[in-house]
>>> print(open('work.cif').read())   # mmCIF, C-alpha atoms
data_data
#
loop_
_atom_site.label_atom_id
_atom_site.label_comp_id
_atom_site.auth_asym_id
_atom_site.auth_seq_id
_atom_site.Cartn_x
_atom_site.Cartn_y
_atom_site.Cartn_z
CA MET A 2 9.52 39.62 -28.95
CA ASP A 3 9.61 43.05 -27.29
CA ALA A 4 11.56 43.93 -24.15
CA ALA A 5 8.53 43.52 -21.86
CA GLN A 6 7.83 40.03 -23.23
CA GLN A 7 11.50 39.07 -22.86
CA GLU A 8 11.49 40.29 -19.27
CA ALA A 9 8.28 38.38 -18.49
CA THR A 10 9.72 35.22 -20.05
CA ALA A 11 12.98 35.57 -18.08
CA ARG A 12 10.98 36.11 -14.88
CA ALA A 13 8.82 33.04 -15.60
CA ARG A 14 11.88 30.88 -16.23
CA GLU A 15 13.49 32.09 -12.99
CA LEU A 16 10.29 31.21 -11.10
CA GLN A 17 10.32 27.78 -12.77
CA ARG A 18 13.93 27.33 -11.66
CA SER A 19 12.96 28.11 -8.07
CA TRP A 20 9.85 25.87 -8.12
CA TYR A 21 11.05 22.94 -10.23
CA GLY A 22 14.86 23.12 -10.02
CA GLU A 23 15.30 24.26 -13.61
CA PRO A 24 13.28 25.94 -16.36
CA LEU A 25 10.52 23.64 -17.58
CA GLY A 26 11.73 23.91 -21.18
CA ALA A 27 15.01 22.20 -20.22
CA LEU A 28 13.28 19.67 -17.98
CA PHE A 29 10.67 18.73 -20.61
CA ARG A 30 13.30 18.50 -23.39
CA ARG A 31 15.30 16.07 -21.22
CA LEU A 32 12.18 13.96 -20.64
CA ILE A 33 11.43 13.98 -24.37
CA ASP A 34 15.01 12.91 -25.19
CA ASP A 35 15.40 10.30 -22.44
CA LEU A 36 11.97 8.74 -22.91
CA GLY A 37 11.80 8.95 -26.72
CA LEU A 38 8.70 11.13 -26.78
CA ASN A 39 7.49 14.07 -28.80
CA GLN A 40 5.82 17.12 -27.27
CA ALA A 41 2.30 15.89 -28.03
CA ARG A 42 2.95 12.52 -26.35
CA LEU A 43 4.56 14.19 -23.32
CA ALA A 44 1.55 16.51 -22.98
CA SER A 45 -0.77 13.51 -23.17
CA VAL A 46 1.11 11.54 -20.50
CA LEU A 47 1.22 14.57 -18.19
CA GLY A 48 -2.44 15.42 -18.73
CA LEU A 49 -1.75 18.83 -20.25
CA SER A 50 -2.93 20.28 -23.52
CA ALA A 51 -0.22 20.63 -26.17
CA PRO A 52 -0.57 24.45 -26.14
CA MET A 53 -0.18 24.53 -22.33
CA LEU A 54 2.96 22.39 -22.54
CA SER A 55 4.33 24.73 -25.20
CA GLN A 56 3.59 27.79 -23.06
CA LEU A 57 5.33 26.23 -20.05
CA MET A 58 8.36 25.26 -22.16
CA SER A 59 8.69 28.71 -23.72
CA GLY A 60 8.26 30.58 -20.45
CA GLN A 61 4.96 32.17 -21.47
CA ARG A 62 3.51 30.50 -18.37
CA ALA A 63 5.49 29.91 -15.21
CA LYS A 64 3.56 27.44 -13.09
CA ILE A 65 1.88 24.09 -13.50
CA GLY A 66 -1.42 24.72 -11.77
CA ASN A 67 -2.51 21.12 -11.26
CA PRO A 68 -0.69 19.27 -8.43
CA ALA A 69 -1.41 15.92 -10.11
CA VAL A 70 0.47 17.09 -13.21
CA VAL A 71 3.43 18.15 -11.02
CA GLN A 72 3.47 14.66 -9.51
CA ARG A 73 3.37 13.10 -12.98
CA VAL A 74 6.35 15.29 -13.97
CA GLN A 75 8.23 13.98 -10.93
CA ALA A 76 7.32 10.39 -11.79
CA LEU A 77 8.58 10.89 -15.36
CA GLN A 78 11.81 12.43 -14.04
CA GLU A 79 12.39 9.27 -11.99
CA LEU A 80 11.58 7.08 -14.98
CA SER A 81 13.82 9.17 -17.25
CA SER A 82 16.72 8.73 -14.87
CA GLN A 83 16.21 4.97 -14.81
CA VAL A 84 16.06 4.73 -18.60
CA ALA A 85 19.20 6.85 -18.89
CA ASP A 86 21.16 4.67 -16.46
CA GLY A 87 19.93 1.46 -18.09
CA SER A 88 17.98 0.08 -15.13
CA VAL A 89 14.68 0.26 -17.07
CA SER A 90 14.19 -0.93 -20.65
CA ALA A 91 12.37 1.10 -23.29
CA ALA A 92 9.48 -1.39 -23.29
CA GLU A 93 9.14 -1.20 -19.51
CA ALA A 94 9.35 2.59 -19.67
CA ALA A 95 6.46 2.67 -22.16
CA GLU A 96 4.35 0.57 -19.76
CA ARG A 97 5.20 2.80 -16.83
CA MET A 98 4.40 5.94 -18.81
CA GLU A 99 0.91 4.53 -19.34
CA GLU A 100 0.65 4.01 -15.57
CA VAL A 101 1.77 7.61 -15.01
CA LYS A 102 -0.78 8.84 -17.54
CA ARG A 103 -3.60 6.93 -15.82
CA SER A 104 -2.55 8.05 -12.34
CA SER A 105 -4.22 10.85 -10.47
CA GLY A 106 -0.76 12.07 -9.60
CA GLY A 107 0.00 9.75 -6.71
CA SER A 108 3.14 7.67 -6.77
CA VAL A 109 3.02 5.02 -9.47
CA LEU A 110 6.68 4.13 -9.25
CA ASN A 111 7.68 1.60 -6.66
CA SER A 112 10.77 2.12 -4.55
CA THR A 113 12.91 -0.30 -6.57
CA GLN A 114 12.69 2.07 -9.50
CA THR A 115 14.69 4.76 -7.73
CA THR A 116 17.40 2.43 -6.52
CA ALA A 117 19.88 -0.03 -7.91
CA SER A 118 19.29 -3.70 -7.16
CA SER A 119 21.38 -3.32 -3.98
CA GLY A 120 18.85 -0.82 -2.64
CA ALA A 121 21.29 2.09 -2.90
CA PRO A 122 20.38 5.14 -4.99
CA THR A 123 21.84 5.02 -8.49
CA VAL A 124 24.77 7.32 -9.28
CA ARG A 125 22.68 9.15 -11.85
CA ARG A 126 19.93 9.71 -9.27
CA VAL A 127 22.40 11.11 -6.74
CA VAL A 128 23.96 13.36 -9.38
CA ARG A 129 20.56 14.66 -10.52
CA GLU A 130 19.63 15.44 -6.92
CA ILE A 131 22.86 17.44 -6.47
CA GLN A 132 22.24 19.25 -9.77
CA SER A 133 18.66 20.02 -8.84
CA LEU A 134 19.68 21.40 -5.46
CA LEU A 135 22.40 23.63 -6.92
CA ARG A 136 20.13 24.83 -9.72
CA SER A 137 17.37 25.66 -7.27
CA VAL A 138 19.77 28.00 -5.46
CA ALA A 139 21.20 29.85 -8.45
CA GLY A 140 21.22 29.99 -12.23
CA ALA A 141 24.06 28.54 -14.29
CA GLY A 142 25.60 31.98 -14.91
CA ASP A 143 25.75 32.74 -11.19
CA ILE A 144 27.18 29.31 -10.42
CA ILE A 145 29.91 29.75 -13.04
CA ALA A 146 30.70 33.23 -11.67
CA ALA A 147 30.99 31.77 -8.16
CA ALA A 148 33.24 29.00 -9.50
CA ASP A 149 35.46 31.57 -11.22
CA THR A 150 35.76 33.47 -7.93
CA LEU A 151 36.68 30.30 -6.01
CA ALA A 152 39.02 28.84 -8.65
CA PRO A 153 42.29 30.52 -7.60
CA ALA A 154 42.10 29.35 -3.97
CA HIS A 155 39.83 26.30 -4.27
CA PRO A 156 40.07 24.76 -7.76
CA GLU A 157 38.42 21.46 -6.81
CA LEU A 158 35.40 23.21 -5.34
CA ALA A 159 35.20 25.46 -8.41
CA GLU A 160 35.23 22.38 -10.65
CA PHE A 161 32.45 20.82 -8.58
CA LEU A 162 30.29 23.91 -9.00
CA ARG A 163 30.90 24.09 -12.74
CA VAL A 164 30.26 20.39 -13.36
CA TYR A 165 27.19 19.94 -11.15
CA GLY A 166 25.78 23.46 -11.32
CA ALA A 167 26.13 24.17 -15.04
CA GLY A 168 27.31 20.97 -16.74
CA ARG A 169 25.48 18.08 -18.35
CA THR A 170 24.38 15.12 -16.26
CA ALA A 171 26.77 12.76 -18.08
CA GLU A 172 29.73 14.99 -17.14
CA ALA A 173 28.59 15.10 -13.53
CA VAL A 174 28.18 11.31 -13.42
CA ALA A 175 31.73 10.89 -14.74
CA HIS A 176 33.02 13.39 -12.13
CA TYR A 177 31.14 11.60 -9.35
CA GLU A 178 32.46 8.20 -10.36
CA ALA A 179 36.02 9.52 -10.68
CA HIS A 180 35.90 10.90 -7.13
CA GLN A 181 34.38 7.89 -5.37
CA SER A 182 36.73 6.15 -2.97
#
>>> encode(input="work.cif", output="structure tokens")
Amino acid sequence: MDAAQQEATARARELQRSWYGEPLGALFRRLIDDLGLNQARLASVLGLSAPMLSQLMSGQRAKIGNPAVVQRVQALQELSSQVADGSVSAAEAAERMEEVKRSSGGSVLNSTQTTASSGAPTVRRVVREIQSLLRSVAGAGDIIAAADTLAPAHPELAEFLRVYGAGRTAEAVAHYEAHQS
């Protein structure tokens, strides 16, 4: 890849971060892992061609042009979070993915899917929202640099930035749970 292509890819990924909270390659890989899919199956559920999914993941394309596909991505993110925290079984997830696939992009997930049985948002959901917000503001490198700057005077805040802004969701969940009163 030449310098111009690398620059275009970096620019596309930065646009994806601003539009979707993170580069689509990372987001789609997480969906694939959490939901037990392959790229072809993910493309099918989203209503994208496999080449389009590949171009979005690699940063050759920046934006998902179809709003219904964006809504399906959001629905799968919700479902992925529920599978990861154990509130939805693999069999139920497969059923719901079929509902997402058949949807025109409107909400196919009912409100109980985004909350624990008590009605409160799940810890994983809260953590992912914090991560998404931080990552929409700055890239991981910038967040780590800010944390390094804050560390001498504010080590707890620096740790928060590192864990939620650049760490894995499991680490952030553990941090969240450790700091709940």
>>> resolve_selection(input="work.cif", expression="the PyMOL selection byres ((chain A and resi 132) around 12)", output="PyMOL selection string")
chain A and resi 18+21-23+125-131+133-141+144+161-174+177
>>> residues_around(input="work.cif", residues="A:Arg103", least_positions_apart="4", cutoff="10 Å", atoms="all atoms listed in the file", output="ChimeraX atom specification")
/A:46-48,73,97-99,109
>>> atom_distance(input="work.cif", atom1="atom CA of A:Leu57", atom2="atom CA of A:Arg30")
11.6 Å
>>> atom_distance(input="work.cif", atom1="atom CA of A:Pro52", atom2="atom CA of A:Lys64")
14.0 Å
>>> closest_residue(input="work.cif", among="A:Ala179, A:Ala4, A:Ala9, A:Gly37", to="A:Ala92", atoms="all atoms listed in the file")
A:Gly37
>>> closest_residue(input="work.cif", among="A:Ile145, A:Leu36, A:Ala51, A:Val101", to="A:Val84", atoms="only C-alpha atoms")
A:Leu36
>>> closest_residue(input="work.cif", among="A:Ser105, A:Gln40, A:Gln61, A:Ser81", to="A:Gln17", atoms="all atoms listed in the file")
A:Gln61
>>> atom_distance(input="work.cif", atom1="atom CA of A:Gln83", atom2="atom CA of A:Asn39")
18.8 Å
>>> closest_residue(input="work.cif", among="A:Val89, A:Ala159, A:Asp143, A:Leu77", to="A:Leu32", atoms="all atoms listed in the file")
A:Leu77
>>> closest_residue(input="work.cif", among="A:Leu151, A:Ala146, A:Val124, A:Glu157", to="A:Asp86", atoms="all atoms listed in the file")
A:Val124
>>> closest_residue(input="work.cif", among="A:Ser50, A:Thr150, A:Ser55, A:Ser104", to="A:Ala69", atoms="only C-alpha atoms")
A:Ser104
